[in-house]
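Just below is one structure, and these are the notes that go with it.
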Amino acid sequence: MERWMVIGFIIFLALVILIPAILLLWLYVHDVKQKEHSVLQNYPILGKMRYILEKMGPELRQYLFLNDQEGKPFNRKQFEFVMKAGKYNSSMMSFGAERNFENDGLYLVNDMFPAKKDELKIDQSPKVKTRLYEVNEENLFNRKESRKETEINPSYLRDDDTVILGEHTARHPFRLKGLIGQSAMSYGSLGDHAITAMSKGLGMAGGTWMNTGEGSVSPYHLKGNTDIIMQISPGLFGVRDKDGHFSWEEFKKQAETEQIKAFELKLAQGAKTRGGHVSGEKVTEEIAAIRKVEVGQEINSPNRFPGISNPEALLEFLNQLRDVSGKPVGMKIVAGDEKQVDLLIQSMAETDIVPDFITVDGGEGGTGASFYALAYSVGLPAFSAIPLVDEILKKYQLRNKTKIIASGKLLTPDKIAMALCLGADLINIARGFMISTGCIMAQVCHTNTCPVGVATTDPNLQKALNIEEKKYRVTNYLVTLRNDLFNLAAVAGLDSPTKFNREHLVYRSAFKDFSNWNNQQTFEYK
């Protein structure tokens with residue numbers, strides 16, 4: 001018996017020591033012989049720690065090392081706002097803001113005599129049926145929550161403040177009881193679970209819209225019976241024939257869809273001032289049928305519309321679309337500089353063809369896939385582009401003939417209010433709605449490996465996204481934004497957020513010099 005115990009112990013030691021030793025030796029030899037990584041040649045095995053930490057780096061920074069205000073493209077506080085709004089229909093916080101008030105920045109102006117609640121021009125009917133969470137118990141290792149069905153105030157605009165697209169140009173104008181909608185996100189870039197959850201959530205909230213993105217209208221965009229703005233890109237997806245040419249027949253079919261309230265011609269997108277991109281592994285049979293492309297083939301939309309190389313041709317095409325559909329037609333642009341925007345708007349004045357809306361996407365906007373240089377360095381940011389477009393429209397006396405829809409990192413109510421102050425009429429949000437459906441900002445949208453099932457068409461990964469759960473979070477997030485926007489309007493002394501203007505926004509820079517504080521009678525702003 002003792003003999004077998006000794007033999008067993010020897011075998012155990014062999015397994016514990018010998019096998020790992022052999023594996024380490026194999027790794028050592030492999031690292032020394034490989035020619036790709038210099039650090040592994042000089043420091044076999046140990047050098048692998050560098051690559052392990054490099055791979056884990058984004059998660060380590062996001063969760064452990066970055067403070068609440070440092071994360072990009074959105075910091076922890078912004079992410080937390082969206083999550084709390086989606087779960088609890090609340091944006092409450094305590095103790096104080098973590099903003100660095102010593103730095104330069106924009107601030108909303110508060111009125112000394114704010115508007116009272118009963119003075120607001122707000123429509124709170126019909127109530128929105130939703131589900132909210134309540135925290136029953138919370139400690140370090142345990143958190144208990146319960147969810148209940150309830151009704152919340154929708155915070156709609158009154159009828160006399162309704163924003164109307166195509167009021168004087170389209171046979172079927174688009175009336176909006178809310179200022180916030182979902183920015184362009186295609187089926188294919190996002191999976192069917194995410195698109196469906198957003199559609200249903202927006203439909204329950206009402207007073208909003210859903211932009212299809214350039215991937216055409218999918219059945220999932222229509223699931224929630226929400227209003228749709230169909231985007232048409234240079235790739236002409238959904239309105240093209242088998243050879244890829246624009247098809248008036250296909251366009252008319254789309255125009256006859258009741259849920260489609262307007263069309264948007266995509267000239268550019270903030271994060272990629274070029275045609276869109278979808279990797280081949282995302283192009284399933286269904287997506288190929290919707291877009292009218294080949295299954296499994298990488299999609300790269302052209303940089304501009306075929307046969308259109310000047311503002312006049314673009315506006316003529318837009319006018320034809322509006323005439324045939326009878327519905328509002330706008331365009332999505334990225335502002336490069338004053339000259340480029342001026343040429344476009346001057347052509348509108350000269351041809352008397354004005355789009356029903358102009359979506360101004362900031363260079364800081366998001367995307368499912370782009371190139372580094374385009375995302376980092378091309379196109380003005382939203383807060384520079386919005387007033388630029390607004391001023392040039394006024395210069396040519398066209399401001400009252402169109403609406404500006406702003407987009408680009410506007411996922412919190414304060415940023416939305418600031419965009420409205422700078423000249424926007426409406427607001428598009430994409431990543432805020434992604435976060436409300438579960439996005440954790442893993443930044444792997446282009447790989448089809450989204451770990452929470454949002455930006456992927458992989459059916460196995462999408463199983464984690466529960467549509468019946470996330471649709472309520474979309475509803476709650478949107479309604480929270482609308483409610484907070486009315487609260488900000490009240491603080492500014494306004495009865496409606498439609499009345500924000502430049503007077504309600506100030507830019508304050510840091511104090512000049514504190515070195516002679518005791519000798520100064522006053523201090524100045526730069």
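Scheme for the structure tokens: letters A, B, ... for chains in order shown; per-chain residue numbers from 1; ligand numbers from 1 in order shown.
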Exercise. Would you list, as a ChimeraX atom specification, the residues of region 207-386 of chain A that end up in strand (DSSP E or B) under DSSP run on this structure's backbone?
Key: /A:210-211,228-232,240,246,260-266,269,272,277-278,299-300,329-333,357-361
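The spacing separating CA of Lys129 (chain A) from CA of Ala205 (chain A) amounts to 8.4 Å.
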Practice problem: Name the closest residue to His504 (chain A) among the candidates A:Glu167, A:Asp111, A:Glu285, A:Glu134; distances are taken between atoms, counting only C-alpha atoms. | Solution: A:Asp111
Within 7 Å of region 436-443 of chain A: each region 6-110 of chain A residue with its shortest pair, only C-alpha atoms, as JSON lines:
```
{"residue": "A:Val82", "atom": "CA", "partner": "A:Ser436", "partner_atom": "CA", "distance": 6.3}
{"residue": "A:Met83", "atom": "CA", "partner": "A:Ser436", "partner_atom": "CA", "distance": 6.1}
{"residue": "A:Gly86", "atom": "CA", "partner": "A:Ser436", "partner_atom": "CA", "distance": 5.8}
```
Quiz item: Using only C-alpha atoms, which residues sit within 9 Å of region 264-273 of chain A once same-chain residues fewer than 5 positions away are excluded, as number ranges by chain?
Solution: A: 211, 213-214, 229-234, 303-305, 318, 328-335, 357-367, 369-371, 373-376, 378-382, 407-408
Self-check item: Nearest residue to Gly423 (chain A) from the set A:Ala385, A:Ile290, A:Ala85, A:Val444 (distances using only C-alpha atoms)
Solution: A:Ala385
Select from region 22-128 of chain A every residue with an atom at most 6 Å from any atom of region 483-494 of chain A, then for each give the shortest pair of atoms and their distance in Å to one decimal, using only C-alpha atoms, rows by chain and rising number, as JSON lines.
```
{"residue": "A:Asn110", "atom": "CA", "partner": "A:Ala492", "partner_atom": "CA", "distance": 4.5}
{"residue": "A:Asp111", "atom": "CA", "partner": "A:Ala492", "partner_atom": "CA", "distance": 4.8}
{"residue": "A:Pro114", "atom": "CA", "partner": "A:Gly493", "partner_atom": "CA", "distance": 4.2}
{"residue": "A:Ala115", "atom": "CA", "partner": "A:Ala490", "partner_atom": "CA", "distance": 4.6}
```
May I have the selected residues written with N, CA and C atoms, as a PDB file, in the first residue's frame?
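Final output, part.pdb:
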```pdb
ATOM      1  N   ASN A 110     -28.576  80.679 -15.959  1.00  0.00           N
ATOM      2  CA  ASN A 110     -29.778  80.558 -15.134  1.00  0.00           C
ATOM      3  C   ASN A 110     -30.426  81.924 -14.954  1.00  0.00           C
ATOM      4  N   ASP A 111     -31.731  81.950 -15.001  1.00  0.00           N
ATOM      5  CA  ASP A 111     -32.475  83.195 -14.795  1.00  0.00           C
ATOM      6  C   ASP A 111     -32.676  83.424 -13.299  1.00  0.00           C
ATOM      7  N   PRO A 114     -36.653  81.905 -12.297  1.00  0.00           N
ATOM      8  CA  PRO A 114     -36.957  80.758 -13.162  1.00  0.00           C
ATOM      9  C   PRO A 114     -38.461  80.568 -13.354  1.00  0.00           C
ATOM     10  N   ALA A 115     -38.780  79.819 -14.410  1.00  0.00           N
ATOM     11  CA  ALA A 115     -40.182  79.489 -14.675  1.00  0.00           C
ATOM     12  C   ALA A 115     -40.665  78.447 -13.675  1.00  0.00           C
TER      13      ALA A 115
END
```
Quiz item: Could you state the separation of CA of Leu411 (chain A) and CA of Leu236 (chain A) in Å, given to one decimal place?
Solution: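 Atom-to-atom, CA of Leu411 (chain A) to CA of Leu236 (chain A), that is 28.9 Å.
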Exercise. Please identify all polymer residues within 12 Å of Gly166 (chain A), counting only C-alpha atoms, omitting same-chain residues fewer than 3 positions from it, and present them as an MDAnalysis selection string.
Key: chainID A and resid 163 169:176 261:263 319 322:323 325:330 354:358 400:403
Quiz item: Cys421 (chain A): which residues within 6 Å, counting only C-alpha atoms, same-chain residues fewer than 3 positions away excluded, as a PyMOL selection string?
Solution: chain A and resi 418+500-502
Save the residues we just selected, N, CA, C and O atoms, as a PDB file, in the first residue's frame?
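See part-v9.pdb below for the written result:
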```pdb
ATOM      1  N   MET A 418     -27.249  72.838 -24.676  1.00  0.00           N
ATOM      2  CA  MET A 418     -26.215  73.680 -25.267  1.00  0.00           C
ATOM      3  C   MET A 418     -26.289  73.663 -26.789  1.00  0.00           C
ATOM      4  O   MET A 418     -26.146  74.696 -27.448  1.00  0.00           O
ATOM      5  N   PHE A 500     -34.627  77.923 -26.358  1.00  0.00           N
ATOM      6  CA  PHE A 500     -33.203  78.136 -26.079  1.00  0.00           C
ATOM      7  C   PHE A 500     -32.553  78.895 -27.233  1.00  0.00           C
ATOM      8  O   PHE A 500     -32.825  78.621 -28.406  1.00  0.00           O
ATOM      9  N   ASN A 501     -31.673  79.850 -26.924  1.00  0.00           N
ATOM     10  CA  ASN A 501     -30.898  80.538 -27.953  1.00  0.00           C
ATOM     11  C   ASN A 501     -29.542  80.944 -27.382  1.00  0.00           C
ATOM     12  O   ASN A 501     -29.212  80.614 -26.239  1.00  0.00           O
ATOM     13  N   ARG A 502     -28.764  81.697 -28.146  1.00  0.00           N
ATOM     14  CA  ARG A 502     -27.396  82.023 -27.737  1.00  0.00           C
ATOM     15  C   ARG A 502     -27.338  82.782 -26.408  1.00  0.00           C
ATOM     16  O   ARG A 502     -26.331  82.725 -25.702  1.00  0.00           O
TER      17      ARG A 502
END
```
Quiz prompt | Spatial neighbours of Asn89 (chain A), max dist 12 Å, only C-alpha atoms, sep filter under 5 positions, as a PyMOL selection string | solution = chain A and resi 81-84+128+130-134+150-154+436+472-484
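Each of A:His193, A:Arg291, A:Arg508, A:His245 was compared to Gln462 (chain A) using only C-alpha atoms, and A:His193 turns out to be the nearest.
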Quiz item: Could you work out how far CA of Leu64 (chain A) lies from CA of Lys463 (chain A), giving the answer in Å with one decimal?
Solution: 28.3 Å
Identify, with DSSP run on backbone atoms, the residues in region 459-503 of chain A assigned to alpha helix (DSSP H), and express the list as a short mmCIF file (atom, residue, chain, number, x, y, z; two decimals) with all heavy atoms, in the first residue's frame.
```cif
data_model
loop_
_atom_site.label_atom_id
_atom_site.label_comp_id
_atom_site.auth_asym_id
_atom_site.auth_seq_id
_atom_site.Cartn_x
_atom_site.Cartn_y
_atom_site.Cartn_z
N PRO A 459 -25.79 35.40 -33.78
CA PRO A 459 -26.97 35.02 -32.99
C PRO A 459 -26.63 34.54 -31.59
O PRO A 459 -27.41 34.74 -30.66
CB PRO A 459 -27.60 33.90 -33.83
CG PRO A 459 -26.52 33.40 -34.72
CD PRO A 459 -25.63 34.57 -34.99
N ASN A 460 -25.48 33.93 -31.41
CA ASN A 460 -25.11 33.46 -30.08
C ASN A 460 -24.82 34.62 -29.14
O ASN A 460 -25.21 34.60 -27.96
CB ASN A 460 -23.88 32.54 -30.17
CG ASN A 460 -24.20 31.23 -30.86
OD1 ASN A 460 -25.27 30.65 -30.65
ND2 ASN A 460 -23.29 30.76 -31.70
N LEU A 461 -24.14 35.64 -29.63
CA LEU A 461 -23.85 36.81 -28.80
C LEU A 461 -25.10 37.64 -28.55
O LEU A 461 -25.26 38.24 -27.48
CB LEU A 461 -22.77 37.67 -29.48
CG LEU A 461 -21.37 37.07 -29.54
CD1 LEU A 461 -20.45 37.91 -30.39
CD2 LEU A 461 -20.79 36.93 -28.13
N GLN A 462 -26.02 37.65 -29.52
CA GLN A 462 -27.24 38.44 -29.36
C GLN A 462 -28.19 37.84 -28.32
O GLN A 462 -29.08 38.55 -27.83
CB GLN A 462 -27.97 38.57 -30.70
CG GLN A 462 -27.30 39.50 -31.68
CD GLN A 462 -28.21 39.86 -32.82
OE1 GLN A 462 -29.07 40.73 -32.71
NE2 GLN A 462 -28.04 39.17 -33.95
N ILE A 467 -34.66 41.69 -25.39
CA ILE A 467 -35.42 42.79 -25.98
C ILE A 467 -36.48 43.31 -25.01
O ILE A 467 -36.66 44.52 -24.85
CB ILE A 467 -36.09 42.34 -27.29
CG1 ILE A 467 -35.02 42.02 -28.34
CG2 ILE A 467 -37.04 43.41 -27.81
CD1 ILE A 467 -35.54 41.34 -29.58
N GLU A 468 -37.18 42.41 -24.34
CA GLU A 468 -38.27 42.81 -23.44
C GLU A 468 -37.75 43.54 -22.20
O GLU A 468 -38.50 44.23 -21.53
CB GLU A 468 -39.09 41.57 -23.03
CG GLU A 468 -39.86 40.96 -24.18
CD GLU A 468 -40.74 41.99 -24.90
OE1 GLU A 468 -41.56 42.64 -24.23
OE2 GLU A 468 -40.58 42.15 -26.12
N GLU A 469 -36.48 43.38 -21.89
CA GLU A 469 -35.86 44.13 -20.80
C GLU A 469 -35.35 45.49 -21.29
O GLU A 469 -35.64 46.53 -20.70
CB GLU A 469 -34.71 43.32 -20.20
CG GLU A 469 -33.65 44.13 -19.45
CD GLU A 469 -34.12 44.65 -18.11
OE1 GLU A 469 -35.17 44.20 -17.62
OE2 GLU A 469 -33.45 45.55 -17.56
N LYS A 470 -34.61 45.46 -22.39
CA LYS A 470 -33.92 46.67 -22.84
C LYS A 470 -34.86 47.71 -23.46
O LYS A 470 -34.54 48.89 -23.46
CB LYS A 470 -32.84 46.30 -23.84
CG LYS A 470 -31.78 45.34 -23.31
CD LYS A 470 -31.08 45.87 -22.08
CE LYS A 470 -29.98 44.92 -21.62
NZ LYS A 470 -29.34 45.37 -20.36
N LYS A 471 -35.99 47.29 -23.98
CA LYS A 471 -36.89 48.27 -24.59
C LYS A 471 -37.36 49.30 -23.56
O LYS A 471 -37.53 50.48 -23.89
CB LYS A 471 -38.07 47.58 -25.26
CG LYS A 471 -39.08 46.94 -24.31
CD LYS A 471 -40.23 46.31 -25.07
CE LYS A 471 -41.30 45.74 -24.12
NZ LYS A 471 -42.41 45.09 -24.86
N TYR A 472 -37.56 48.85 -22.32
CA TYR A 472 -37.98 49.78 -21.28
C TYR A 472 -36.87 50.76 -20.92
O TYR A 472 -37.12 51.92 -20.60
CB TYR A 472 -38.42 49.01 -20.03
CG TYR A 472 -39.68 48.21 -20.24
CD1 TYR A 472 -39.66 46.82 -20.29
CD2 TYR A 472 -40.91 48.86 -20.40
CE1 TYR A 472 -40.82 46.08 -20.49
CE2 TYR A 472 -42.07 48.12 -20.60
CZ TYR A 472 -42.02 46.75 -20.65
OH TYR A 472 -43.17 46.02 -20.85
N ARG A 473 -35.65 50.30 -20.99
CA ARG A 473 -34.53 51.19 -20.69
C ARG A 473 -34.40 52.28 -21.75
O ARG A 473 -34.04 53.42 -21.44
CB ARG A 473 -33.24 50.39 -20.56
CG ARG A 473 -33.29 49.36 -19.44
CD ARG A 473 -31.91 48.97 -18.99
NE ARG A 473 -31.94 47.86 -18.05
CZ ARG A 473 -30.90 47.46 -17.35
NH1 ARG A 473 -29.74 48.07 -17.49
NH2 ARG A 473 -31.00 46.44 -16.52
N VAL A 474 -34.66 51.93 -22.99
CA VAL A 474 -34.65 52.94 -24.07
C VAL A 474 -35.73 53.98 -23.80
O VAL A 474 -35.48 55.19 -23.89
CB VAL A 474 -34.87 52.26 -25.44
CG1 VAL A 474 -35.06 53.30 -26.53
CG2 VAL A 474 -33.69 51.35 -25.78
N THR A 475 -36.92 53.51 -23.46
CA THR A 475 -38.04 54.42 -23.15
C THR A 475 -37.68 55.35 -21.99
O THR A 475 -37.83 56.57 -22.09
CB THR A 475 -39.29 53.61 -22.77
OG1 THR A 475 -39.71 52.82 -23.88
CG2 THR A 475 -40.44 54.53 -22.38
N ASN A 476 -37.20 54.77 -20.91
CA ASN A 476 -36.91 55.55 -19.71
C ASN A 476 -35.80 56.57 -19.94
O ASN A 476 -35.86 57.70 -19.43
CB ASN A 476 -36.53 54.63 -18.55
CG ASN A 476 -37.64 53.65 -18.20
OD1 ASN A 476 -38.82 53.92 -18.43
ND2 ASN A 476 -37.27 52.51 -17.64
N TYR A 477 -34.78 56.17 -20.68
CA TYR A 477 -33.68 57.08 -20.98
C TYR A 477 -34.17 58.30 -21.77
O TYR A 477 -33.87 59.45 -21.42
CB TYR A 477 -32.60 56.33 -21.76
CG TYR A 477 -31.52 57.21 -22.36
CD1 TYR A 477 -30.78 58.09 -21.57
CD2 TYR A 477 -31.24 57.16 -23.73
CE1 TYR A 477 -29.79 58.89 -22.13
CE2 TYR A 477 -30.26 57.94 -24.29
CZ TYR A 477 -29.53 58.82 -23.48
OH TYR A 477 -28.56 59.61 -24.05
N LEU A 478 -34.97 58.05 -22.80
CA LEU A 478 -35.47 59.15 -23.63
C LEU A 478 -36.37 60.08 -22.83
O LEU A 478 -36.24 61.31 -22.90
CB LEU A 478 -36.22 58.59 -24.84
CG LEU A 478 -36.89 59.63 -25.75
CD1 LEU A 478 -35.88 60.63 -26.28
CD2 LEU A 478 -37.63 58.96 -26.90
N VAL A 479 -37.28 59.51 -22.05
CA VAL A 479 -38.21 60.34 -21.28
C VAL A 479 -37.46 61.14 -20.21
O VAL A 479 -37.78 62.31 -19.95
CB VAL A 479 -39.31 59.47 -20.64
CG1 VAL A 479 -40.17 60.29 -19.70
CG2 VAL A 479 -40.19 58.84 -21.72
N THR A 480 -36.43 60.54 -19.61
CA THR A 480 -35.61 61.28 -18.64
C THR A 480 -34.95 62.48 -19.30
O THR A 480 -34.92 63.58 -18.72
CB THR A 480 -34.53 60.36 -18.04
OG1 THR A 480 -35.15 59.26 -17.39
CG2 THR A 480 -33.67 61.11 -17.03
N LEU A 481 -34.42 62.30 -20.50
CA LEU A 481 -33.80 63.41 -21.23
C LEU A 481 -34.80 64.52 -21.48
O LEU A 481 -34.50 65.72 -21.28
CB LEU A 481 -33.24 62.91 -22.56
CG LEU A 481 -31.97 62.06 -22.53
CD1 LEU A 481 -31.61 61.62 -23.94
CD2 LEU A 481 -30.80 62.83 -21.92
N ARG A 482 -36.00 64.16 -21.92
CA ARG A 482 -37.01 65.18 -22.22
C ARG A 482 -37.43 65.92 -20.96
O ARG A 482 -37.59 67.15 -20.97
CB ARG A 482 -38.22 64.53 -22.91
CG ARG A 482 -37.91 64.02 -24.31
CD ARG A 482 -39.14 63.79 -25.15
NE ARG A 482 -40.07 62.83 -24.60
CZ ARG A 482 -40.62 61.83 -25.28
NH1 ARG A 482 -40.27 61.61 -26.55
NH2 ARG A 482 -41.49 61.02 -24.72
N ASN A 483 -37.60 65.18 -19.87
CA ASN A 483 -37.99 65.82 -18.62
C ASN A 483 -36.89 66.77 -18.13
O ASN A 483 -37.18 67.90 -17.70
CB ASN A 483 -38.27 64.75 -17.57
CG ASN A 483 -38.72 65.33 -16.25
OD1 ASN A 483 -39.78 65.94 -16.16
ND2 ASN A 483 -37.90 65.16 -15.23
N ASP A 484 -35.64 66.31 -18.18
CA ASP A 484 -34.53 67.15 -17.74
C ASP A 484 -34.37 68.38 -18.62
O ASP A 484 -33.96 69.45 -18.16
CB ASP A 484 -33.23 66.35 -17.75
CG ASP A 484 -33.13 65.39 -16.56
OD1 ASP A 484 -34.08 65.36 -15.75
OD2 ASP A 484 -32.12 64.69 -16.45
N LEU A 485 -34.70 68.24 -19.90
CA LEU A 485 -34.60 69.38 -20.82
C LEU A 485 -35.62 70.46 -20.44
O LEU A 485 -35.31 71.66 -20.48
CB LEU A 485 -34.83 68.89 -22.25
CG LEU A 485 -34.26 69.75 -23.38
CD1 LEU A 485 -32.78 70.04 -23.18
CD2 LEU A 485 -34.50 69.06 -24.72
N PHE A 486 -36.80 70.04 -20.07
CA PHE A 486 -37.80 71.01 -19.60
C PHE A 486 -37.34 71.65 -18.28
O PHE A 486 -37.55 72.85 -18.06
CB PHE A 486 -39.16 70.32 -19.41
CG PHE A 486 -40.05 70.42 -20.61
CD1 PHE A 486 -40.20 69.35 -21.47
CD2 PHE A 486 -40.75 71.59 -20.89
CE1 PHE A 486 -41.02 69.43 -22.60
CE2 PHE A 486 -41.57 71.69 -22.00
CZ PHE A 486 -41.72 70.61 -22.86
N ASN A 487 -36.71 70.87 -17.40
CA ASN A 487 -36.20 71.42 -16.15
C ASN A 487 -35.13 72.48 -16.41
O ASN A 487 -35.10 73.54 -15.75
CB ASN A 487 -35.62 70.31 -15.28
CG ASN A 487 -36.68 69.41 -14.68
OD1 ASN A 487 -37.85 69.82 -14.56
ND2 ASN A 487 -36.31 68.21 -14.31
N LEU A 488 -34.26 72.22 -17.38
CA LEU A 488 -33.22 73.20 -17.73
C LEU A 488 -33.84 74.45 -18.34
O LEU A 488 -33.37 75.57 -18.08
CB LEU A 488 -32.21 72.58 -18.70
CG LEU A 488 -31.25 71.55 -18.11
CD1 LEU A 488 -30.44 70.88 -19.22
CD2 LEU A 488 -30.32 72.19 -17.09
N ALA A 489 -34.87 74.26 -19.16
CA ALA A 489 -35.56 75.42 -19.74
C ALA A 489 -36.16 76.28 -18.62
O ALA A 489 -36.06 77.51 -18.64
CB ALA A 489 -36.65 74.95 -20.70
N ALA A 490 -36.76 75.64 -17.64
CA ALA A 490 -37.36 76.37 -16.52
C ALA A 490 -36.31 77.18 -15.77
O ALA A 490 -36.53 78.35 -15.42
CB ALA A 490 -38.07 75.41 -15.58
N VAL A 491 -35.16 76.57 -15.52
CA VAL A 491 -34.08 77.26 -14.82
C VAL A 491 -33.61 78.48 -15.61
O VAL A 491 -33.21 79.50 -15.04
CB VAL A 491 -32.90 76.29 -14.57
CG1 VAL A 491 -31.66 77.03 -14.12
CG2 VAL A 491 -33.30 75.24 -13.53
#
```
Practice problem: Determine the nearest neighbour of Asp458 (chain A) from the options A:Ser347, A:Asn428, A:Asn225, A:Thr284, counting only C-alpha atoms. | Solution: A:Thr284
